[in-house]
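**Q** Below is the file target_23.txt, with compact mmCIF, C-alpha atoms.
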```txt
# COMPACT_ATOMS: atom_id res chain seq x y z
CA MET A 248 0.00 0.00 0.00
CA ARG A 249 1.28 3.43 -0.94
CA HIS A 250 0.21 6.84 0.32
CA LEU A 251 -0.16 9.95 -1.80
CA VAL A 252 -0.46 13.24 0.04
CA LEU A 253 -1.82 16.25 -1.84
CA PHE A 254 -0.92 19.45 0.00
CA ARG A 255 -2.09 22.89 -1.12
CA HIS A 256 0.29 25.72 -0.25
CA GLY A 257 -0.54 28.10 2.58
CA LYS A 258 -2.22 31.48 2.21
CA ALA A 259 -0.08 33.77 0.06
CA GLU A 260 0.38 37.49 -0.43
CA SER A 261 -1.63 38.89 -3.31
CA ASP A 262 0.28 42.10 -4.03
CA GLU A 263 3.29 40.58 -5.85
CA THR A 264 3.12 41.05 -9.62
CA ASP A 265 5.25 37.96 -10.34
CA ASP A 266 3.06 35.00 -9.34
CA ALA A 267 6.00 32.64 -8.79
CA LYS A 268 7.53 35.06 -6.26
CA ARG A 269 4.45 35.39 -4.03
CA SER A 270 5.33 34.66 -0.40
CA LEU A 271 3.26 33.18 2.37
CA THR A 272 1.39 35.53 4.64
CA LEU A 273 2.03 35.23 8.36
CA ARG A 274 -1.18 33.19 8.64
CA GLY A 275 -0.01 31.01 5.74
CA SER A 276 3.25 30.31 7.52
CA PHE A 277 1.50 29.47 10.79
CA ASP A 278 -0.98 27.21 8.98
CA ALA A 279 1.80 25.41 7.10
CA THR A 280 3.52 24.72 10.42
CA ALA A 281 0.22 23.38 11.81
CA ALA A 282 -0.11 21.19 8.70
CA GLY A 283 3.35 19.78 9.39
CA ARG A 284 2.29 18.91 12.94
CA TRP A 285 -0.86 17.27 11.57
CA LEU A 286 1.18 15.18 9.11
CA ALA A 287 3.71 14.23 11.79
CA ALA A 288 0.90 13.01 14.05
CA ARG A 289 -0.23 10.61 11.29
CA SER A 290 3.20 8.92 11.17
CA LEU A 291 3.03 8.49 7.40
CA ALA A 292 6.18 7.18 5.76
CA ILE A 293 7.29 9.92 3.38
CA ASP A 294 9.97 8.89 0.90
CA ARG A 295 9.62 11.63 -1.70
CA VAL A 296 8.36 15.21 -1.74
CA VAL A 297 7.74 17.07 -4.99
CA VAL A 298 7.09 20.80 -4.66
CA SER A 299 6.16 23.54 -7.07
CA PRO A 300 9.05 25.96 -7.59
CA ALA A 301 6.75 28.85 -6.60
CA ARG A 302 8.03 30.61 -3.47
CA ARG A 303 4.78 30.08 -1.52
CA ALA A 304 4.86 26.31 -2.13
CA GLN A 305 8.53 26.08 -1.18
CA GLN A 306 7.88 28.07 2.00
CA THR A 307 4.88 25.87 2.82
CA TRP A 308 6.94 22.72 2.66
CA GLU A 309 9.84 24.28 4.63
CA ALA A 310 7.47 25.23 7.46
CA ALA A 311 5.72 21.85 7.44
CA ALA A 312 8.92 19.81 7.16
CA ALA A 313 10.36 21.56 10.21
CA GLU A 314 7.69 19.71 12.22
CA MET A 315 8.50 16.29 10.71
CA PRO A 316 11.89 14.80 11.56
CA GLY A 317 13.47 12.62 8.92
CA VAL A 318 11.56 13.75 5.84
CA PRO A 319 13.55 13.84 2.60
CA GLU A 320 14.72 17.00 0.88
CA PRO A 321 12.07 18.18 -1.59
CA VAL A 322 12.38 17.95 -5.34
CA SER A 323 11.26 21.07 -7.22
CA ASP A 324 9.29 20.33 -10.40
CA ASP A 325 7.94 22.91 -12.87
CA ARG A 326 5.10 20.55 -13.77
CA VAL A 327 3.54 21.16 -10.36
CA TYR A 328 3.60 24.92 -10.96
CA ARG A 329 1.99 24.50 -14.41
CA ASN A 330 -1.10 23.56 -12.39
CA THR A 331 -2.81 20.94 -14.54
CA VAL A 332 -4.10 17.53 -13.53
CA GLU A 333 -2.21 16.01 -16.46
CA ASP A 334 1.09 17.43 -15.24
CA LEU A 335 0.47 16.25 -11.69
CA MET A 336 -0.44 12.77 -12.95
CA ALA A 337 2.84 12.76 -14.91
CA VAL A 338 4.77 13.64 -11.73
CA ILE A 339 3.06 10.77 -9.91
CA GLY A 340 3.68 8.37 -12.79
CA ASP A 341 7.38 9.27 -12.84
CA THR A 342 7.81 8.46 -9.15
CA PRO A 343 10.33 5.66 -8.57
CA PRO A 344 8.69 2.33 -7.69
CA ALA A 345 10.58 2.06 -4.38
CA VAL A 346 8.75 5.13 -3.02
CA THR A 347 5.89 4.25 -0.67
CA GLY A 348 4.94 7.75 0.50
CA LEU A 349 4.72 10.65 -1.94
CA VAL A 350 3.83 14.26 -1.10
CA LEU A 351 2.89 16.81 -3.78
CA VAL A 352 2.86 20.46 -2.68
CA GLY A 353 1.05 22.57 -5.22
CA HIS A 354 -1.76 24.86 -6.20
CA ASN A 355 -5.43 25.05 -6.94
CA PRO A 356 -7.27 24.35 -9.10
CA SER A 357 -5.13 21.31 -10.01
CA ILE A 358 -4.69 19.93 -6.47
CA GLN A 359 -8.46 19.88 -5.91
CA GLU A 360 -9.18 18.54 -9.39
CA LEU A 361 -6.59 15.80 -8.93
CA ALA A 362 -8.10 14.82 -5.57
CA GLN A 363 -11.54 14.56 -7.15
CA THR A 364 -10.12 12.60 -10.09
CA LEU A 365 -8.27 10.11 -7.90
CA ASP A 366 -11.15 9.48 -5.48
CA ASP A 367 -12.55 5.98 -6.00
CA GLY A 368 -15.68 6.78 -3.99
CA ALA A 369 -14.92 4.16 -1.34
CA GLY A 370 -12.91 6.33 1.02
CA GLU A 371 -13.64 7.77 4.44
CA ALA A 372 -17.09 9.39 4.29
CA ALA A 373 -16.33 12.49 6.39
CA ALA A 374 -13.15 13.15 4.42
CA ARG A 375 -15.07 12.88 1.15
CA ARG A 376 -17.71 15.33 2.41
CA SER A 377 -15.03 17.81 3.51
CA LEU A 378 -13.20 17.55 0.20
CA GLY A 379 -16.50 18.14 -1.57
CA ASN A 380 -16.60 21.59 0.07
CA GLY A 381 -13.35 22.65 -1.60
CA PHE A 382 -9.60 22.48 -1.05
CA PRO A 383 -8.56 25.57 0.93
CA THR A 384 -5.01 26.77 1.49
CA SER A 385 -3.03 24.42 3.74
CA GLY A 386 -5.51 21.65 2.91
CA ILE A 387 -4.19 18.09 2.88
CA ALA A 388 -5.73 15.04 1.23
CA VAL A 389 -4.25 11.61 1.96
CA PHE A 390 -4.95 8.78 -0.45
CA ALA A 391 -4.16 5.07 -0.18
CA VAL A 392 -3.01 3.79 -3.55
CA ASP A 393 -2.61 0.17 -4.64
CA GLY A 394 -0.12 -0.82 -7.33
CA ASP A 395 2.74 1.10 -8.85
CA TRP A 396 2.82 4.87 -9.22
CA ALA A 397 2.77 4.47 -12.99
CA GLU A 398 -0.67 2.81 -12.65
CA VAL A 399 -2.29 5.70 -10.77
CA ASP A 400 -5.23 7.00 -12.78
CA SER A 401 -8.82 8.16 -12.33
CA ALA A 402 -10.61 6.53 -9.40
CA THR A 403 -7.53 4.58 -8.24
CA GLY A 404 -7.07 6.23 -4.85
CA ARG A 405 -9.02 5.75 -1.66
CA LEU A 406 -9.33 8.99 0.31
CA VAL A 407 -8.36 8.13 3.88
CA ASN A 408 -8.09 11.63 5.32
CA PHE A 409 -8.72 15.26 4.50
CA ALA A 410 -7.79 18.12 6.77
CA VAL A 411 -7.36 21.86 6.71
CA SER A 412 -4.78 22.80 9.29
CA ARG A 413 -5.14 26.18 10.90
CA ALA A 414 -2.89 27.61 13.54
CA ALA A 415 -4.61 28.68 16.74
CA SER A 416 -3.31 32.21 16.27
CA GLY A 417 -4.21 32.33 12.56
```
Once you've parsed the file, please lay out its structure as structure tokens.
**A**
Amino acid sequence: MRHLVLFRHGKAESDETDDAKRSLTLRGSFDATAAGRWLAARSLAIDRVVVSPARRAQQTWEAAAAEMPGVPEPVSDDRVYRNTVEDLMAVIGDTPPAVTGLVLVGHNPSIQELAQTLDDGAGEAAARRSLGNGFPTSGIAVFAVDGDWAEVDSATGRLVNFAVSRAASG
């Protein structure tokens, strides 16, 4: 059994004219840290992390990873920033077979669309209801996936958890 974690970046500044350079807001940073604590509490084995090269996604993972000892260094991939389901599926399909826990840190609308595409309909009911309400910043969807990464396609993931981590002060 493999786990795929879809993680939307934290809340970002909106006044930067270069989208890729947008930074997290203070709330976004606090929420990303809370998301890292949430992930750490789940004790998921994480072998590979692929992050959009956008500053806000990089900062999100840095804040989250600080709460999770032993996670691997992230791999930056332009396909995540391109923000299409097809590109994200290609990133998943290119994941080495030895990886059992994959995290993608990216953007909407593709993160939400990918989660809806992967959902086999047999997952945790409350998680499916929550995901149906949208995929806010710092949202995390955890899927159980059978088979190799190259076989991941529509309706091949079972949603086991969905959470939106918010810092108490945010």
**Q** Hey, can you check how far atom CA of A:Val338 sits from atom CA of A:Ile387?
**A** 17.7 Å
**Q** Go through A:Leu349, A:Ala301, A:Ala397, A:Ala402 one by one, measure the shortest atom-to-atom distance of each to A:Leu365 using all atoms listed in the file, and give the residue with the smallest value.
**A** A:Ala402
**Q** Can you tell me, as a PDB file with C-alpha atoms, keeping the file's coordinate frame, what residues are no more than 9 Å from stretch 264-268 of chain A when counting all atoms listed in the file, ignoring any on the same chain fewer than 6 positions away?
**A**
```pdb
ATOM      1  CA  PRO A 300       9.050  25.960  -7.590  1.00  0.00           C
ATOM      2  CA  ALA A 301       6.750  28.850  -6.600  1.00  0.00           C
ATOM      3  CA  ARG A 302       8.030  30.610  -3.470  1.00  0.00           C
ATOM      4  CA  ARG A 303       4.780  30.080  -1.520  1.00  0.00           C
ATOM      5  CA  TYR A 328       3.600  24.920 -10.960  1.00  0.00           C
TER       6      TYR A 328
END
```
**Q** Within 9 Å of A:Thr272, counting only C-alpha atoms, which residues qualify if same-chain residues fewer than 3 places away don't, as a VMD selection string?
**A** chain A and resid 257 to 260 275 to 277 303
**Q** May I ask which of the residues A:Gly379, A:Pro356, A:Gly394, A:Gly386 is the closest one to A:Leu286, counting only C-alpha atoms?
**A**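 Residue with the minimum atom-to-atom distance to A:Leu286: A:Gly386.
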**Q** Restricting the calculation to only C-alpha atoms, which member of A:Glu398, A:Ser385, A:Ala337, A:Thr347 is positioned closest to A:Arg284?
**A**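 Closest candidate: A:Ser385.
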**Q** How far is it from atom CA of A:Leu251 to atom CA of A:Arg274, in Å with one decimal?
**A** 25.5 Å
**Q** With distances taken over only C-alpha atoms, which residue among A:Glu320, A:Ala310, A:Arg255, A:Ala369 lies nearest A:Phe382?
**A**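 Among the listed residues, A:Arg255 lies closest to A:Phe382.
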**Q** Around stretch 375-392 of chain A, fit a box with edges along x, y and z, padding it by 8 Å on each side, then list its centre and edge lengths in Å to one decimal as AutoDock Vina command-line options.
**A**
```
--center_x -10.4 --center_y 15.3 --center_z 0.1 --size_x 30.7 --size_y 39.0 --size_z 23.3
```
**Q** Mind giving me the straight-line distance from atom CA of A:Arg249 to atom CA of A:Asp278 in Å, one decimal?
**A**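 So the answer is 25.9 Å.
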**Q** Using all atoms listed in the file for the distances, tell me which of A:Thr384, A:Thr403, A:Gln305, A:Ser299 is nearest to A:Gly353.
**A**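 Between A:Thr384, A:Thr403, A:Gln305, A:Ser299, the residue approaching A:Gly353 most closely is A:Ser299.
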**Q** A:Glu333, A:Glu371, A:Glu314, A:Glu309: which is nearest A:Val352, counting only C-alpha atoms?
**A**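 The shortest atom-to-atom distance to A:Val352 comes from A:Glu309.
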**Q** For stretch 366-368 of chain A, find every residue with an atom within 12 Å (counting only C-alpha atoms), except residues of its own chain fewer than 6 positions away, and show them as a ChimeraX atom specification.
**A** /A:251,359-360,374-376,378-379,388-393,399-409
**Q** Export C-alpha atoms of the chosen residues as a PDB file, in the coordinates of the input?
**A**
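Here's the written file part_0.pdb:
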```
ATOM      1  CA  LEU A 251      -0.160   9.950  -1.800  1.00  0.00           C
ATOM      2  CA  GLN A 359      -8.460  19.880  -5.910  1.00  0.00           C
ATOM      3  CA  GLU A 360      -9.180  18.540  -9.390  1.00  0.00           C
ATOM      4  CA  ALA A 374     -13.150  13.150   4.420  1.00  0.00           C
ATOM      5  CA  ARG A 375     -15.070  12.880   1.150  1.00  0.00           C
ATOM      6  CA  ARG A 376     -17.710  15.330   2.410  1.00  0.00           C
ATOM      7  CA  LEU A 378     -13.200  17.550   0.200  1.00  0.00           C
ATOM      8  CA  GLY A 379     -16.500  18.140  -1.570  1.00  0.00           C
ATOM      9  CA  ALA A 388      -5.730  15.040   1.230  1.00  0.00           C
ATOM     10  CA  VAL A 389      -4.250  11.610   1.960  1.00  0.00           C
ATOM     11  CA  PHE A 390      -4.950   8.780  -0.450  1.00  0.00           C
ATOM     12  CA  ALA A 391      -4.160   5.070  -0.180  1.00  0.00           C
ATOM     13  CA  VAL A 392      -3.010   3.790  -3.550  1.00  0.00           C
ATOM     14  CA  ASP A 393      -2.610   0.170  -4.640  1.00  0.00           C
ATOM     15  CA  VAL A 399      -2.290   5.700 -10.770  1.00  0.00           C
ATOM     16  CA  ASP A 400      -5.230   7.000 -12.780  1.00  0.00           C
ATOM     17  CA  SER A 401      -8.820   8.160 -12.330  1.00  0.00           C
ATOM     18  CA  ALA A 402     -10.610   6.530  -9.400  1.00  0.00           C
ATOM     19  CA  THR A 403      -7.530   4.580  -8.240  1.00  0.00           C
ATOM     20  CA  GLY A 404      -7.070   6.230  -4.850  1.00  0.00           C
ATOM     21  CA  ARG A 405      -9.020   5.750  -1.660  1.00  0.00           C
ATOM     22  CA  LEU A 406      -9.330   8.990   0.310  1.00  0.00           C
ATOM     23  CA  VAL A 407      -8.360   8.130   3.880  1.00  0.00           C
ATOM     24  CA  ASN A 408      -8.090  11.630   5.320  1.00  0.00           C
ATOM     25  CA  PHE A 409      -8.720  15.260   4.500  1.00  0.00           C
TER      26      PHE A 409
END
```
**Q** Do a neighbour search on stretch 288-296 of chain A at 7 Å with all atoms listed in the file, toss out local chain neighbours closer than 6 positions, and write the hits as a list in words.
**A**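 Within the cut-off, the hits are Val318, Pro319, Pro321, Val322, Val346, Thr347, Gly348, Leu349, Val350 and Leu351 of chain A.
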**Q** Could you extract stretch 352-394 of chain A of the given structure into a file holding N, CA and C atoms, as a compact mmCIF listing (two decimals), in the first residue's frame?
**A**
```txt
# COMPACT_ATOMS: atom_id res chain seq x y z
N VAL A 352 3.23 19.16 -3.24
CA VAL A 352 2.86 20.46 -2.68
C VAL A 352 2.63 21.40 -3.85
N GLY A 353 1.37 21.77 -4.04
CA GLY A 353 1.05 22.57 -5.22
C GLY A 353 -0.08 23.55 -5.01
N HIS A 354 -0.82 23.75 -6.07
CA HIS A 354 -1.76 24.86 -6.20
C HIS A 354 -3.15 24.39 -6.62
N ASN A 355 -4.12 25.24 -6.34
CA ASN A 355 -5.43 25.05 -6.94
C ASN A 355 -5.47 25.81 -8.24
N PRO A 356 -6.23 25.37 -9.22
CA PRO A 356 -7.27 24.35 -9.10
C PRO A 356 -6.79 22.90 -9.25
N SER A 357 -5.53 22.68 -9.66
CA SER A 357 -5.13 21.31 -10.01
C SER A 357 -5.10 20.36 -8.82
N ILE A 358 -4.73 20.83 -7.63
CA ILE A 358 -4.69 19.93 -6.47
C ILE A 358 -6.10 19.41 -6.18
N GLN A 359 -7.08 20.30 -6.16
CA GLN A 359 -8.46 19.88 -5.91
C GLN A 359 -8.98 18.98 -7.02
N GLU A 360 -8.72 19.35 -8.26
CA GLU A 360 -9.18 18.54 -9.39
C GLU A 360 -8.54 17.17 -9.37
N LEU A 361 -7.25 17.10 -9.01
CA LEU A 361 -6.59 15.80 -8.93
C LEU A 361 -7.21 14.95 -7.82
N ALA A 362 -7.48 15.56 -6.68
CA ALA A 362 -8.10 14.82 -5.57
C ALA A 362 -9.44 14.25 -6.00
N GLN A 363 -10.23 15.04 -6.68
CA GLN A 363 -11.54 14.56 -7.15
C GLN A 363 -11.38 13.48 -8.21
N THR A 364 -10.38 13.60 -9.05
CA THR A 364 -10.12 12.60 -10.09
C THR A 364 -9.68 11.28 -9.49
N LEU A 365 -8.80 11.33 -8.50
CA LEU A 365 -8.27 10.11 -7.90
C LEU A 365 -9.28 9.36 -7.05
N ASP A 366 -10.21 10.06 -6.44
CA ASP A 366 -11.15 9.48 -5.48
C ASP A 366 -11.96 8.34 -6.09
N ASP A 367 -11.82 7.15 -5.50
CA ASP A 367 -12.55 5.98 -6.00
C ASP A 367 -13.96 5.86 -5.43
N GLY A 368 -14.34 6.79 -4.55
CA GLY A 368 -15.68 6.78 -3.99
C GLY A 368 -15.85 5.87 -2.80
N ALA A 369 -14.81 5.13 -2.43
CA ALA A 369 -14.92 4.16 -1.34
C ALA A 369 -14.17 4.61 -0.09
N GLY A 370 -13.71 5.84 -0.08
CA GLY A 370 -12.91 6.33 1.02
C GLY A 370 -13.72 6.72 2.24
N GLU A 371 -13.05 7.34 3.18
CA GLU A 371 -13.64 7.77 4.44
C GLU A 371 -14.72 8.82 4.16
N ALA A 372 -15.92 8.57 4.63
CA ALA A 372 -17.09 9.39 4.29
C ALA A 372 -16.93 10.86 4.71
N ALA A 373 -16.48 11.10 5.93
CA ALA A 373 -16.33 12.49 6.39
C ALA A 373 -15.28 13.22 5.58
N ALA A 374 -14.20 12.54 5.23
CA ALA A 374 -13.15 13.15 4.42
C ALA A 374 -13.69 13.51 3.03
N ARG A 375 -14.49 12.62 2.47
CA ARG A 375 -15.07 12.88 1.15
C ARG A 375 -16.03 14.07 1.19
N ARG A 376 -16.81 14.18 2.26
CA ARG A 376 -17.71 15.33 2.41
C ARG A 376 -16.91 16.62 2.52
N SER A 377 -15.87 16.61 3.34
CA SER A 377 -15.03 17.81 3.51
C SER A 377 -14.37 18.22 2.20
N LEU A 378 -13.83 17.26 1.49
CA LEU A 378 -13.20 17.55 0.20
C LEU A 378 -14.22 18.11 -0.78
N GLY A 379 -15.45 17.65 -0.69
CA GLY A 379 -16.50 18.14 -1.57
C GLY A 379 -16.80 19.62 -1.36
N ASN A 380 -16.39 20.17 -0.22
CA ASN A 380 -16.60 21.59 0.07
C ASN A 380 -15.47 22.47 -0.43
N GLY A 381 -14.46 21.88 -1.07
CA GLY A 381 -13.35 22.65 -1.60
C GLY A 381 -12.03 22.22 -0.99
N PHE A 382 -10.96 22.82 -1.49
CA PHE A 382 -9.60 22.48 -1.05
C PHE A 382 -8.89 23.77 -0.69
N PRO A 383 -9.13 24.28 0.54
CA PRO A 383 -8.56 25.57 0.93
C PRO A 383 -7.03 25.53 1.07
N THR A 384 -6.44 26.70 1.23
CA THR A 384 -5.01 26.77 1.49
C THR A 384 -4.68 25.95 2.73
N SER A 385 -3.52 25.32 2.70
CA SER A 385 -3.03 24.42 3.74
C SER A 385 -3.88 23.16 3.89
N GLY A 386 -4.73 22.88 2.91
CA GLY A 386 -5.51 21.65 2.91
C GLY A 386 -4.62 20.47 2.55
N ILE A 387 -4.96 19.31 3.12
CA ILE A 387 -4.19 18.09 2.88
C ILE A 387 -5.16 16.94 2.64
N ALA A 388 -4.96 16.25 1.52
CA ALA A 388 -5.73 15.04 1.23
C ALA A 388 -4.75 13.87 1.20
N VAL A 389 -5.09 12.80 1.91
CA VAL A 389 -4.25 11.61 1.96
C VAL A 389 -5.01 10.47 1.29
N PHE A 390 -4.37 9.89 0.29
CA PHE A 390 -4.95 8.78 -0.45
C PHE A 390 -4.13 7.52 -0.25
N ALA A 391 -4.80 6.38 -0.11
CA ALA A 391 -4.16 5.07 -0.18
C ALA A 391 -4.22 4.63 -1.63
N VAL A 392 -3.10 4.16 -2.15
CA VAL A 392 -3.01 3.79 -3.55
C VAL A 392 -2.45 2.38 -3.65
N ASP A 393 -3.12 1.51 -4.38
CA ASP A 393 -2.61 0.17 -4.64
C ASP A 393 -1.81 0.20 -5.93
N GLY A 394 -0.87 -0.71 -6.08
CA GLY A 394 -0.12 -0.82 -7.33
C GLY A 394 1.00 0.20 -7.43
```
